[in-house]
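Below: structure.txt (compact mmCIF, C-alpha atoms)
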```txt
# COMPACT_ATOMS: atom_id res chain seq x y z
CA MET A 8 18.77 3.34 3.45
CA ASP A 9 16.45 6.25 4.25
CA ASP A 10 13.60 5.26 6.62
CA THR A 11 11.02 7.33 4.74
CA TYR A 12 11.94 5.47 1.56
CA LEU A 13 11.61 2.11 3.34
CA ILE A 14 8.16 3.02 4.68
CA ASN A 15 7.10 4.13 1.19
CA ALA A 16 8.33 0.78 -0.15
CA ALA A 17 6.26 -1.03 2.49
CA LYS A 18 3.23 1.11 1.52
CA THR A 19 3.79 -0.08 -2.06
CA GLN A 20 3.61 -3.68 -0.81
CA PHE A 21 0.40 -2.76 1.05
CA ARG A 22 -1.12 -1.28 -2.13
CA ASP A 23 0.02 -4.18 -4.30
CA ALA A 24 -1.46 -6.69 -1.84
CA TYR A 25 -4.89 -5.11 -2.26
CA ASN A 26 -4.54 -4.83 -6.03
CA ARG A 27 -3.51 -8.51 -6.29
CA GLY A 28 -6.06 -9.73 -3.75
CA ASN A 29 -3.21 -11.28 -1.74
CA VAL A 30 -4.10 -11.69 1.93
CA GLU A 31 -0.70 -13.01 3.02
CA GLN A 32 1.14 -10.14 1.33
CA LEU A 33 -1.18 -7.68 3.08
CA LEU A 34 -0.55 -9.29 6.48
CA SER A 35 3.21 -9.17 5.88
CA VAL A 36 3.14 -5.36 6.12
CA PHE A 37 1.75 -5.51 9.67
CA ASP A 38 3.92 -6.06 12.74
CA GLU A 39 4.29 -9.80 13.34
CA GLU A 40 4.75 -9.12 17.06
CA GLY A 41 1.25 -7.66 17.17
CA PHE A 42 -0.60 -4.56 16.09
CA ALA A 43 -3.69 -2.53 16.94
CA ASP A 44 -6.49 -2.39 14.37
CA MET A 45 -8.95 0.45 14.86
CA SER A 46 -10.72 0.20 11.52
CA GLU A 47 -14.03 1.91 10.97
CA ASP A 48 -17.21 -0.12 11.52
CA GLY A 49 -15.57 -2.66 13.77
CA PRO A 50 -14.30 -3.18 17.28
CA SER A 51 -10.74 -2.28 18.22
CA LEU A 52 -8.62 -5.41 17.88
CA TYR A 53 -5.15 -6.14 19.19
CA ASP A 54 -2.34 -8.57 18.48
CA GLU A 55 -3.55 -12.00 17.24
CA ASP A 56 -7.19 -10.84 17.22
CA ALA A 57 -6.17 -7.94 14.96
CA ARG A 58 -4.28 -10.29 12.61
CA GLU A 59 -7.19 -12.73 12.38
CA GLY A 60 -9.72 -9.91 11.95
CA LEU A 61 -7.70 -8.39 9.11
CA ARG A 62 -7.27 -11.82 7.52
CA ARG A 63 -11.03 -12.45 7.66
CA ARG A 64 -12.01 -9.02 6.32
CA ALA A 65 -9.44 -9.11 3.51
CA THR A 66 -10.43 -12.66 2.51
CA GLU A 67 -14.09 -11.63 2.34
CA LEU A 68 -13.27 -8.43 0.40
CA PHE A 69 -11.11 -10.24 -2.17
CA ALA A 70 -13.74 -12.99 -2.61
CA ARG A 71 -16.44 -10.41 -3.40
CA TYR A 72 -14.52 -7.73 -5.31
CA ASP A 73 -11.70 -7.01 -7.68
CA VAL A 74 -9.92 -4.25 -5.80
CA LYS A 75 -7.86 -1.31 -7.00
CA LEU A 76 -6.29 0.72 -4.22
CA THR A 77 -4.72 4.12 -4.69
CA VAL A 78 -2.68 5.30 -1.72
CA ILE A 79 -2.24 9.03 -1.17
CA VAL A 80 0.34 9.69 1.51
CA ILE A 81 0.21 13.19 2.94
CA LYS A 82 3.22 12.87 5.20
CA ILE A 83 5.55 10.35 6.81
CA ILE A 84 7.21 11.41 10.06
CA VAL A 85 10.04 9.27 11.41
CA ALA A 86 11.09 9.50 15.08
CA GLY A 87 13.72 6.87 15.81
CA ASP A 88 12.27 3.34 15.61
CA LEU A 89 8.70 4.68 15.38
CA ALA A 90 7.05 6.59 12.57
CA TYR A 91 3.61 7.59 11.50
CA ASP A 92 1.99 8.44 8.23
CA TYR A 93 -1.39 9.69 7.25
CA GLY A 94 -3.37 10.26 4.10
CA TRP A 95 -6.12 8.61 2.08
CA HIS A 96 -6.84 5.17 0.71
CA GLU A 97 -9.05 5.30 -2.38
CA PHE A 98 -10.71 1.97 -3.19
CA THR A 99 -12.27 1.15 -6.55
CA LEU A 100 -14.27 -2.04 -6.08
CA ARG A 101 -15.81 -4.14 -8.85
CA PRO A 102 -18.12 -6.90 -7.63
CA LYS A 103 -17.01 -10.19 -9.20
CA GLY A 104 -19.13 -10.89 -12.26
CA SER A 105 -20.44 -7.32 -12.49
CA GLU A 106 -19.54 -4.15 -14.33
CA GLU A 107 -20.75 -1.94 -11.49
CA THR A 108 -18.06 0.18 -9.84
CA LEU A 109 -18.07 1.18 -6.19
CA ARG A 110 -15.70 3.84 -4.92
CA LYS A 111 -14.77 4.40 -1.30
CA ARG A 112 -12.28 6.77 0.23
CA HIS A 113 -10.88 6.43 3.74
CA ARG A 114 -8.70 8.71 5.82
CA TYR A 115 -5.99 6.78 7.61
CA LEU A 116 -3.33 7.11 10.27
CA GLU A 117 -0.67 4.42 10.67
CA VAL A 118 1.98 4.06 13.35
CA TRP A 119 5.00 2.13 12.10
CA ARG A 120 7.62 0.31 14.16
CA LYS A 121 11.04 -0.80 12.97
CA ASN A 122 11.56 -4.44 13.92
CA SER A 123 14.81 -6.12 14.98
CA SER A 124 15.56 -6.91 11.31
CA GLY A 125 15.32 -3.21 10.40
CA GLN A 126 12.02 -3.64 8.54
CA TRP A 127 9.19 -1.17 9.02
CA ARG A 128 5.83 -2.73 9.90
CA ILE A 129 2.45 -1.24 10.80
CA ALA A 130 1.97 -1.33 14.58
CA SER A 131 -1.30 0.61 14.70
CA PHE A 132 -3.89 1.24 11.99
CA ILE A 133 -6.80 3.69 12.23
CA ASN A 134 -9.20 4.64 9.44
CA ASN A 135 -12.60 6.15 8.80
CA ALA A 136 -14.70 7.12 5.81
CA ASP A 137 -13.82 10.42 4.22
CA VAL A 138 -16.59 12.90 3.48
CA ARG A 139 -16.69 14.94 0.28
CA GLU A 140 -16.36 18.65 0.72
CA GLU A 141 -19.11 20.77 -0.78
CA LEU A 142 -18.97 24.51 -1.36
CA ASP A 143 -21.53 26.51 -3.33
CA GLY A 144 -22.95 23.33 -4.87
CA HIS A 145 -19.55 22.03 -6.03
CA THR A 146 -18.16 18.82 -4.55
CA SER A 147 -14.52 17.88 -4.31
CA HIS A 148 -13.04 15.33 -6.71
CA TRP A 149 -11.48 12.32 -5.10
CA PHE A 150 -10.55 9.94 -7.86
CA LEU A 151 -8.31 10.97 -10.74
CA SER A 152 -10.51 8.97 -13.10
CA GLU A 153 -13.34 11.40 -12.33
CA GLU A 154 -11.23 14.40 -13.34
CA HIS A 155 -9.73 12.81 -16.44
CA GLY A 156 -12.95 11.23 -17.70
CA THR A 157 -11.69 7.64 -17.62
CA ASP A 158 -14.06 4.86 -16.67
CA ALA A 159 -16.74 6.87 -18.47
CA GLY A 160 -20.03 5.09 -18.38
CA ASP A 161 -19.21 3.16 -15.21
CA PRO A 162 -21.94 3.64 -12.64
CA VAL A 163 -20.38 5.24 -9.58
CA ARG A 164 -21.60 5.10 -5.99
```

So, in terms of structure tokens, how does the structure I just supplied come out?
Amino acid sequence: MDDTYLINAAKTQFRDAYNRGNVEQLLSVFDEEGFADMSEDGPSLYDEDAREGLRRRATELFARYDVKLTVIVIKIIVAGDLAYDYGWHEFTLRPKGSEETLRKRHRYLEVWRKNSSGQWRIASFINNADVREELDGHTSHWFLSEEHGTDAGDPVR
């Protein structure tokens, strides 16, 4: 099977894990032999520390919010048993018990490694907050719901 397809399938599992609030499913997309986590607003973590840090952050996120993640992949580049992809993760967060909507958009870069079973797993994860572009008083649109007028009336941050 095509490696790009397999990485896209794993990205679908990543997205679905966030949308379901499933910590174990999220962790299953990361390399079980260890990975590097260079997420924004935290220290760089490696191997078991990275796994436990991701587990803790995801558990806290899912306890506080209903999460909808939209993944926008710009490109996947495969080079043998390594690959990388980059793009954006758009998070729509609803605090539990609230109608307020928070939206966050991160740029990301992931390095993938094919394991001995032929499965692609994230070996290195880097992200940071994206910044809206502004030109002549017009700001870029990030979320499709903003362009199509859905979620009208939801307060947006």

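Counting all atoms listed in the file, the residue from A:Glu39, A:Tyr25, A:Trp149, A:Arg58 that sits nearest to Ser123 in chain A is A:Glu39.
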
Within 7 Å of range 36-38 of chain A using only C-alpha atoms, minus same-chain residues under 3 positions, as a list in words: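 Using only C-alpha atoms, the neighbours found are Ala17, Phe21, Leu33, Gly41, Phe42, Arg128, Ile129 and Ala130 of chain A.
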
Measure the distance from CA of Asp54 in chain A to CA of Phe132 in chain A in Å and round it to one decimal.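 Computed distance, CA of Asp54 in chain A to CA of Phe132 in chain A, equals 11.9 Å.
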
Atomic distance CA of Leu116 in chain A - CA of Ala57 in chain A, expressed in Å with one decimal: 16.0 Å

If you count all atoms listed in the file, which residues fall within 8 Å of Ile81 in chain A, apart from same-chain ones fewer than 5 positions away, as number ranges by chain? A: 92-95

Output C-alpha atoms for every residue in that selection, as a PDB file, in the coordinates of the input.
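Saved file part14.pdb follows:
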```
ATOM      1  CA  ASP A  92       1.990   8.440   8.230  1.00  0.00           C
ATOM      2  CA  TYR A  93      -1.390   9.690   7.250  1.00  0.00           C
ATOM      3  CA  GLY A  94      -3.370  10.260   4.100  1.00  0.00           C
ATOM      4  CA  TRP A  95      -6.120   8.610   2.080  1.00  0.00           C
TER       5      TRP A  95
END
```

Residue nearest Thr77 in chain A among A:Glu59, A:Leu109, A:Glu31, A:Phe150 (counting all atoms listed in the file):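 Using all atoms listed in the file, the shortest distance to Thr77 in chain A belongs to A:Phe150.
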
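Closest approach to Phe98 in chain A among A:Asn26, A:Glu117, A:His148, A:Asn122: A:Asn26, based on all atoms listed in the file.
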
Considering all atoms listed in the file, state which residue in the set A:Arg22, A:Thr11, A:Arg27, A:Ala16 is at the smallest distance from Ile79 in chain A.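 Under the stated criterion, the closest residue is A:Arg22.
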
Nearest to Lys103 in chain A by atom-to-atom distance, counting all atoms listed in the file, from A:Asp9, A:Asp56, A:Asp88, A:Asp73: A:Asp73

Test item: which residues lie within 9 Å of (-9.0, 2.7, 3.8) counting only C-alpha atoms, as a PDB file with C-alpha atoms, keeping the file's coordinate frame:
```
ATOM      1  CA  SER A  46     -10.720   0.200  11.520  1.00  0.00           C
ATOM      2  CA  GLU A  47     -14.030   1.910  10.970  1.00  0.00           C
ATOM      3  CA  LEU A  76      -6.290   0.720  -4.220  1.00  0.00           C
ATOM      4  CA  VAL A  78      -2.680   5.300  -1.720  1.00  0.00           C
ATOM      5  CA  TRP A  95      -6.120   8.610   2.080  1.00  0.00           C
ATOM      6  CA  HIS A  96      -6.840   5.170   0.710  1.00  0.00           C
ATOM      7  CA  GLU A  97      -9.050   5.300  -2.380  1.00  0.00           C
ATOM      8  CA  PHE A  98     -10.710   1.970  -3.190  1.00  0.00           C
ATOM      9  CA  LYS A 111     -14.770   4.400  -1.300  1.00  0.00           C
ATOM     10  CA  ARG A 112     -12.280   6.770   0.230  1.00  0.00           C
ATOM     11  CA  HIS A 113     -10.880   6.430   3.740  1.00  0.00           C
ATOM     12  CA  ARG A 114      -8.700   8.710   5.820  1.00  0.00           C
ATOM     13  CA  TYR A 115      -5.990   6.780   7.610  1.00  0.00           C
ATOM     14  CA  ILE A 133      -6.800   3.690  12.230  1.00  0.00           C
ATOM     15  CA  ASN A 134      -9.200   4.640   9.440  1.00  0.00           C
ATOM     16  CA  ASN A 135     -12.600   6.150   8.800  1.00  0.00           C
ATOM     17  CA  ALA A 136     -14.700   7.120   5.810  1.00  0.00           C
TER      18      ALA A 136
END
```

Correct to one decimal, the distance CA of Gly104 in chain A-CA of Arg62 in chain A is 23.1 Å

Write out as a PyMOL selection string each polymer residue whose atoms come within 6 Å of Phe69 in chain A, counting all atoms listed in the file; drop sequence neighbours fewer than 3 positions from it. chain A and resi 28+66+72

Taking all atoms listed in the file into account, which of A:Ser131, A:Gln126, A:Arg101, A:Val74 comes nearest Asp44 in chain A?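 Ranking A:Ser131, A:Gln126, A:Arg101, A:Val74 by distance to Asp44 in chain A, first place goes to A:Ser131.
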
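Residues lying within 8 Å of (-16.0, -7.2, 12.1). Counted over all atoms listed in the file, they are Asp48, Gly49, Pro50, Gly60 and Arg64 of chain A.
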
Calculate, to one decimal in Å, the centre and edge lengths of the box along x, y and z of the file that holds all listed atoms of range 60-66 of chain A with 5 Å of margin on each side, and present them as JSON.
```
{"center_x": -9.6, "center_y": -10.5, "center_z": 7.2, "size_x": 14.7, "size_y": 14.3, "size_z": 19.4}
```
